[in-house]
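Engineer: The structure file target18.cif (mmCIF, C-alpha atoms) is provided below.
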data_run
loop_
_atom_site.label_atom_id
_atom_site.label_comp_id
_atom_site.auth_asym_id
_atom_site.auth_seq_id
_atom_site.Cartn_x
_atom_site.Cartn_y
_atom_site.Cartn_z
CA MET A 1 324.19 -77.51 67.93
CA THR A 2 323.20 -73.88 67.92
CA ASP A 3 320.68 -71.60 69.54
CA ASP A 4 319.19 -69.12 67.12
CA ARG A 5 318.99 -66.39 69.72
CA THR A 6 322.33 -65.42 68.15
CA ILE A 7 320.98 -65.48 64.58
CA PRO A 8 320.08 -62.06 63.09
CA ASN A 9 316.40 -61.52 62.17
CA ALA A 10 315.26 -64.53 64.20
CA VAL A 11 311.75 -64.35 65.66
CA PRO A 12 312.10 -63.11 69.26
CA ASP A 13 312.19 -65.79 71.93
CA THR A 14 312.47 -68.69 69.51
CA ALA A 15 315.07 -71.36 68.77
CA THR A 16 315.48 -73.49 65.66
CA SER A 17 317.46 -76.26 67.36
CA PRO A 18 318.52 -77.47 70.79
CA SER A 19 321.46 -75.81 72.49
CA ASP A 20 324.14 -77.83 74.27
CA ALA A 21 321.48 -78.49 76.91
CA GLY A 22 319.82 -80.91 74.49
CA ASP A 23 320.87 -84.47 73.73
CA PRO A 24 322.47 -85.24 70.32
CA ALA A 25 320.22 -86.26 67.43
CA ASP A 26 321.84 -89.69 67.14
CA PHE A 27 321.07 -90.27 70.83
CA VAL A 28 317.39 -89.57 70.17
CA ALA A 29 317.37 -91.85 67.10
CA ARG A 30 318.77 -94.65 69.24
CA TYR A 31 315.56 -94.80 71.30
CA VAL A 32 312.70 -93.25 69.31
CA PRO A 33 311.39 -95.53 66.51
CA ALA A 34 312.24 -94.50 62.95
CA ASP A 35 308.59 -94.48 61.83
CA VAL A 36 307.76 -91.95 64.55
CA LEU A 37 310.75 -89.79 63.60
CA ALA A 38 309.46 -89.84 60.01
CA ARG A 39 306.27 -88.03 61.10
CA TYR A 40 307.47 -85.91 64.04
CA GLU A 41 310.50 -83.89 65.04
CA VAL A 42 311.77 -85.10 68.41
CA TYR A 43 314.22 -83.51 70.86
CA SER A 44 315.48 -84.88 74.15
CA TYR A 45 316.70 -82.95 77.19
CA ARG A 46 318.42 -84.46 80.23
CA ASN A 47 318.40 -87.98 78.72
CA ALA A 48 314.60 -87.99 78.47
CA ALA A 49 314.55 -90.41 75.51
CA LEU A 50 316.65 -92.94 77.41
CA ILE A 51 314.70 -92.60 80.67
CA LEU A 52 311.33 -92.88 78.97
CA SER A 53 312.14 -95.85 76.74
CA GLU A 54 314.24 -97.88 79.18
CA ALA A 55 312.79 -97.07 82.61
CA HIS A 56 309.14 -96.78 81.53
CA PRO A 57 308.69 -99.12 78.55
CA GLU A 58 304.92 -99.51 78.96
CA GLU A 59 304.24 -95.77 78.96
CA PHE A 60 306.77 -95.25 76.16
CA SER A 61 305.11 -97.92 74.02
CA GLU A 62 301.66 -96.38 74.57
CA LEU A 63 302.87 -92.91 73.63
CA MET A 64 304.61 -94.18 70.49
CA GLU A 65 301.52 -96.13 69.44
CA THR A 66 299.33 -93.06 69.99
CA LEU A 67 301.69 -90.92 67.91
CA ARG A 68 301.53 -93.49 65.10
CA ARG A 69 297.74 -93.48 65.07
CA PHE A 70 297.25 -89.74 65.52
CA HIS A 71 296.66 -87.55 62.48
CA LEU A 72 295.13 -84.21 61.52
CA THR A 73 292.81 -83.43 58.64
CA PRO A 74 292.78 -80.29 56.47
CA GLU A 75 289.23 -79.70 57.71
CA ILE A 76 290.33 -79.58 61.35
CA ILE A 77 293.15 -77.19 60.53
CA LYS A 78 290.81 -74.87 58.58
CA ARG A 79 287.93 -74.99 61.07
CA PRO A 80 287.45 -71.50 62.62
CA GLY A 81 288.17 -71.63 66.32
CA GLY A 82 287.64 -75.38 66.43
CA SER A 83 291.09 -76.87 66.21
CA GLU A 84 292.16 -75.69 69.68
CA SER A 85 289.74 -78.23 71.18
CA GLU A 86 289.49 -80.77 68.34
CA VAL A 87 293.18 -81.66 68.31
CA PRO A 88 293.39 -82.50 72.04
CA LYS A 89 290.12 -84.44 71.74
CA ARG A 90 291.60 -86.60 69.00
CA PHE A 91 294.69 -87.30 71.05
CA SER A 92 292.67 -88.00 74.20
CA ALA A 93 290.52 -90.51 72.35
CA LEU A 94 293.67 -92.49 71.60
CA LEU A 95 295.59 -92.07 74.88
CA ARG A 96 292.96 -92.01 77.64
CA PRO A 97 291.95 -95.67 77.15
CA PHE A 98 295.49 -96.65 78.21
CA GLY A 99 294.87 -95.09 81.63
CA TRP A 100 296.44 -91.64 81.30
CA HIS A 101 294.66 -89.19 83.61
CA GLU A 102 294.61 -85.44 84.15
CA THR A 103 296.49 -84.95 87.41
CA THR A 104 296.94 -82.02 89.81
CA ILE A 105 299.69 -81.81 92.41
CA GLN A 106 299.26 -80.18 95.82
CA ALA A 107 301.75 -80.16 98.68
CA ASP A 108 302.38 -78.59 102.07
CA LEU A 109 305.91 -77.48 102.94
CA LEU A 110 307.32 -78.43 106.34
CA VAL A 111 310.12 -76.05 107.34
CA LYS A 112 312.45 -76.84 110.25
CA LEU A 113 314.59 -74.17 111.91
CA LEU A 114 317.51 -75.42 114.03
CA TRP A 115 319.81 -73.36 116.24
CA ARG A 116 321.68 -73.46 119.59
CA GLU A 117 321.13 -71.21 122.59
CA PRO A 118 323.45 -70.75 125.59
CA ASN A 119 322.26 -72.27 128.87
CA PHE A 120 323.69 -73.47 132.17
CA ASP A 121 323.60 -76.91 133.75
CA SER A 122 322.96 -77.64 137.43
CA LYS A 123 326.59 -76.88 138.26
CA GLY A 124 326.48 -73.53 136.55
CA LYS A 125 328.54 -74.68 133.59
CA ALA A 126 327.70 -72.95 130.31
CA ILE A 127 326.38 -75.27 127.61
CA ASN A 128 324.73 -74.82 124.23
CA VAL A 129 321.24 -76.25 123.99
CA ARG A 130 319.85 -77.26 120.62
CA VAL A 131 316.51 -75.64 119.85
CA SER A 132 314.19 -76.30 116.93
CA LYS A 133 311.02 -74.89 115.47
CA GLU A 134 308.71 -76.21 112.78
CA LEU A 135 306.60 -74.16 110.40
CA THR A 136 304.11 -75.54 107.88
CA LYS A 137 303.32 -73.59 104.74
CA ALA A 138 300.00 -75.03 103.65
CA ARG A 139 299.45 -75.65 99.93
CA PHE A 140 302.99 -74.60 99.06
CA LEU A 141 302.31 -76.29 95.72
CA ASP A 142 298.73 -75.87 94.66
CA GLY A 143 296.98 -76.51 91.41
CA HIS A 144 299.88 -77.44 89.11
CA LYS A 145 298.15 -79.61 86.52
CA VAL A 146 299.31 -81.95 83.77
CA ASP A 147 296.75 -83.19 81.24
CA TYR A 148 298.03 -86.77 81.02
CA VAL A 149 299.91 -88.68 83.73
CA LYS A 150 300.52 -92.40 84.02
CA GLY A 151 302.98 -94.04 86.37
CA ARG A 152 305.95 -91.71 86.58
CA VAL A 153 305.49 -90.09 83.16
CA ALA A 154 303.74 -86.77 82.45
CA PHE A 155 302.50 -85.70 79.02
CA ASP A 156 301.00 -82.45 77.72
CA LEU A 157 299.76 -81.27 74.32
CA GLU A 158 299.82 -77.63 73.20
CA TRP A 159 298.41 -77.03 69.73
CA ASN A 160 297.62 -73.32 69.32
CA SER A 161 297.62 -71.61 72.71
CA LYS A 162 299.52 -68.51 73.77
CA ASP A 163 303.20 -69.41 73.93
CA GLN A 164 303.37 -68.53 77.66
CA THR A 165 301.43 -71.75 78.21
CA PHE A 166 304.74 -73.58 77.78
CA ASP A 167 306.05 -71.83 80.93
CA ARG A 168 303.08 -73.17 82.88
CA ASP A 169 303.59 -76.69 81.51
CA LEU A 170 307.32 -76.77 82.20
CA TYR A 171 306.86 -75.34 85.69
CA ALA A 172 304.25 -77.99 86.45
CA MET A 173 306.49 -80.80 85.18
CA SER A 174 309.40 -79.41 87.18
CA ALA A 175 307.22 -79.34 90.31
CA PHE A 176 306.09 -82.93 89.76
CA SER A 177 309.73 -83.96 89.24
CA GLN A 178 311.08 -82.14 92.31
CA CYS A 179 308.44 -83.82 94.46
CA GLY A 180 309.52 -87.23 93.18
CA VAL A 181 306.18 -87.88 91.45
CA ILE A 182 307.50 -88.25 87.87
CA ASP A 183 310.80 -89.16 86.24
CA VAL A 184 310.22 -87.60 82.81
CA GLY A 185 307.89 -85.24 80.98
CA VAL A 186 306.76 -85.20 77.33
CA LEU A 187 305.45 -82.14 75.47
CA LEU A 188 303.75 -82.36 72.06
CA THR A 189 303.24 -79.25 69.94
CA ARG A 190 303.22 -78.32 66.26
CA SER A 191 306.35 -78.18 64.13
CA GLN A 192 307.28 -75.15 62.04
CA ASP A 193 307.08 -77.62 59.15
CA LEU A 194 303.29 -77.24 59.32
CA ASP A 195 303.53 -73.58 58.22
CA ARG A 196 303.68 -74.81 54.63
CA VAL A 197 300.37 -76.65 55.09
CA PHE A 198 298.81 -73.62 56.77
CA SER A 199 299.83 -71.44 53.82
CA GLU A 200 298.42 -73.91 51.29
CA LEU A 201 295.12 -74.00 53.19
CA GLY A 202 295.01 -70.21 53.56
CA VAL A 203 295.00 -70.22 57.36
CA LYS A 204 298.55 -69.22 58.26
CA ALA A 205 297.37 -66.04 60.02
CA LYS A 206 295.41 -68.22 62.43
CA TYR A 207 298.59 -69.89 63.65
CA GLY A 208 300.73 -66.96 64.76
CA ALA A 209 304.40 -66.86 65.73
CA SER A 210 303.44 -66.06 69.34
CA THR A 211 301.41 -69.22 69.81
CA THR A 212 302.61 -72.66 70.88
CA TRP A 213 304.97 -74.25 68.35
CA MET A 214 308.34 -75.97 68.56
CA GLY A 215 310.47 -72.82 68.19
CA LYS A 216 308.88 -71.34 71.31
CA LEU A 217 309.31 -74.58 73.26
CA LEU A 218 312.96 -75.12 72.31
CA TYR A 219 313.77 -71.56 73.38
CA ARG A 220 312.44 -72.32 76.85
CA LEU A 221 314.13 -75.71 77.10
CA ASN A 222 317.44 -74.19 75.98
CA ALA A 223 317.02 -71.65 78.80
CA GLY A 224 316.53 -74.49 81.31
CA ARG A 225 312.95 -73.66 82.25
CA ASN A 226 312.26 -77.36 82.75
CA GLY A 227 314.55 -77.26 85.79
CA SER A 228 315.88 -80.70 86.61
CA CYS A 229 313.02 -82.51 84.86
CA PRO A 230 313.99 -84.53 81.76
CA VAL A 231 311.74 -83.52 78.85
CA LEU A 232 311.05 -85.08 75.45
CA ALA A 233 309.79 -82.41 73.01
CA ILE A 234 307.78 -83.64 70.00
CA GLY A 235 306.65 -81.56 67.02
CA ILE A 236 303.74 -82.53 64.73
CA ARG A 237 304.95 -82.38 61.11
CA SER A 238 303.07 -82.18 57.80
CA GLU A 239 303.29 -85.98 57.45
CA CYS A 240 300.58 -86.17 60.14
CA VAL A 241 298.04 -84.36 57.92
CA GLN A 242 295.73 -86.69 56.01
CA GLU A 243 292.05 -87.34 55.40
CA ASP A 244 290.19 -89.49 57.92
CA ASP A 245 289.54 -92.28 55.43
CA LEU A 246 293.22 -92.78 54.54
#
What does the file become when written as structure tokens?
Structural biologist:
Amino acid sequence: MTDDRTIPNAVPDTATSPSDAGDPADFVARYVPADVLARYEVYSYRNAALILSEAHPEEFSELMETLRRFHLTPEIIKRPGGSESEVPKRFSALLRPFGWHETTIQADLLVKLLWREPNFDSKGKAINVRVSKELTKARFLDGHKVDYVKGRVAFDLEWNSKDQTFDRDLYAMSAFSQCGVIDVGVLLTRSQDLDRVFSELGVKAKYGASTTWMGKLLYRLNAGRNGSCPVLAIGIRSECVQEDDL
């Protein structure tokens, strides 16, 4: 696998495929259903596909079912300024009934300092006495939010925000993971494959290269910005575009 940061004329800060940090494609296909892979591009980091499907089968099943039922319409894509809210609303309508809730993490940090100081016992013999001190940093983690959390799985959707939003999402998932709150994170965004649809609909300028799409997410995952948190990255492809009555 390659990282297109080494490819001439590549868009800055993008990647077209996982680096060695990602799991092999056949590994992903072993766990993600074929019908989902037919409509989305899916990448796994730190064994996320395995952890999600095997350790959290209920949450995995709900996410896969939601992905199967989710679709976009040409009208939503063309709507001026509307798709940024309409797309998450459509996904929420499918996923929220399963019990996935917007969740914020807050935490205080307890710091312990330990050292030894020289002292003397009753006979005047020099001894080292252990001394300790505790400090509490209130709200050491404060306000890191994930849009959908159930059990030990976190999920976020980024359709057409500024690409720096991915840094916020990955940092939040990493914080949840480090605190032992979640085991795996899932991020859904749009695939570059949708550029063809945007061009056909005459709205490609609306979906710029510096907004949230898979190339911007893979670049960050290849750089390890998810920390130790396993992440499954999913890209919405053109196969998800259809009229509501189909």
Engineer: Please evaluate the PyMOL selection byres ((chain A and resi 185-196) around 6) against the structure above and give the resulting residues as a ChimeraX atom specification.
Structural biologist: /A:153-159,184,197-199,213-214,231-238
Engineer: Within 6 Å of A:Asn128, counting all atoms listed in the file, which residues show up once you throw out same-chain ones fewer than 3 positions away? Write them as a list in words, please.
Structural biologist: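 That gives Arg116, Glu117, Pro118 and Asn119 of chain A.
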Engineer: Evaluate the PyMOL selection byres ((chain A and resi 89) around 12) here and jot the selected residues down as a list in words.
Structural biologist: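 The output of the PyMOL selection byres ((chain A and resi 89) around 12) on this file is Phe70, His71, Leu72, Ile76, Gly82, Ser83, Glu84, Ser85, Glu86, Val87, Pro88, Arg90, Phe91, Ser92, Ala93, Leu94, Leu95, Arg96, Asp147, Leu157, Glu158 and Trp159 of chain A.
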Engineer: For atom CA of A:Ser228 and atom CA of A:Glu58, quote the distance in Å rounded to one decimal.
Structural biologist: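 Atom-to-atom, atom CA of A:Ser228 and atom CA of A:Glu58 are spaced 23.1 Å apart.
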Engineer: Have a look at A:Met173, A:Phe166, A:Asp23, A:Lys78 and name the one nearest to A:Tyr219; count all atoms listed in the file.
Structural biologist: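 Using all atoms listed in the file, A:Tyr219 sits closest to A:Phe166.
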Engineer: Given all atoms listed in the file as the basis, pick out the residue of A:Arg220, A:Lys206, A:Arg152, A:Arg139 nearest to A:Glu59.
Structural biologist: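 Among the listed residues, the smallest separation from A:Glu59 belongs to A:Arg152.
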Engineer: Take the PyMOL selection byres ((chain A and resi 161) around 6), run it mentally on this structure, and tell me the resulting residues as a list in words.
Structural biologist: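 Written out, the selection comes to Asn160, Lys162, Thr211 and Thr212 of chain A.
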Engineer: How many Å separate atom CA of A:Asp142 from atom CA of A:Asp13?
Structural biologist: 28.3 Å
Engineer: Determine, counting only C-alpha atoms, which protein, DNA and RNA residues have an atom within 12 Å of an atom of A:Ala223; residues of the same chain fewer than 6 positions away are not included. Present the result as a list of chain:residue names.
Structural biologist: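 Within the cut-off, the hits are A:Asp3, A:Arg5, A:Asp13, A:Thr14, A:Ala15, A:Pro18, A:Ser19, A:Asp20, A:Ala21, A:Gly22, A:Tyr45, A:Asp167, A:Leu170, A:Lys216, A:Leu217.
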Engineer: Quick one: distance from atom CA of A:Glu134 to atom CA of A:Phe176 in Å, one decimal?
Structural biologist: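 Straight-line distance from atom CA of A:Glu134 to atom CA of A:Phe176 works out to 24.1 Å.
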Engineer: Here is a test: counting all atoms listed in the file, which residue of A:Asn222, A:Tyr40, A:Ala209, A:Gln106 is nearest to A:Leu67?
Structural biologist: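 Of the candidates, the smallest distance to A:Leu67 is held by A:Tyr40.
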Engineer: Counting all atoms listed in the file, which residue out of A:Ala29, A:Val111, A:Cys229, A:Val203 sits closest to A:Pro74?
Structural biologist: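 With all atoms listed in the file as the atom set, the closest residue is A:Val203.
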Engineer: Would you list the contacts of A:Arg168 as a list in words, taking every protein, DNA or RNA residue within 10 Å and counting only C-alpha atoms, but skipping same-chain residues closer than 3 positions in sequence?
Structural biologist: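 So, after excluding close chain neighbours, the residues are His144, Lys145, Val146, Asp163, Gln164, Thr165, Tyr171, Ala172, Met173, Ser174 and Arg225 of chain A.
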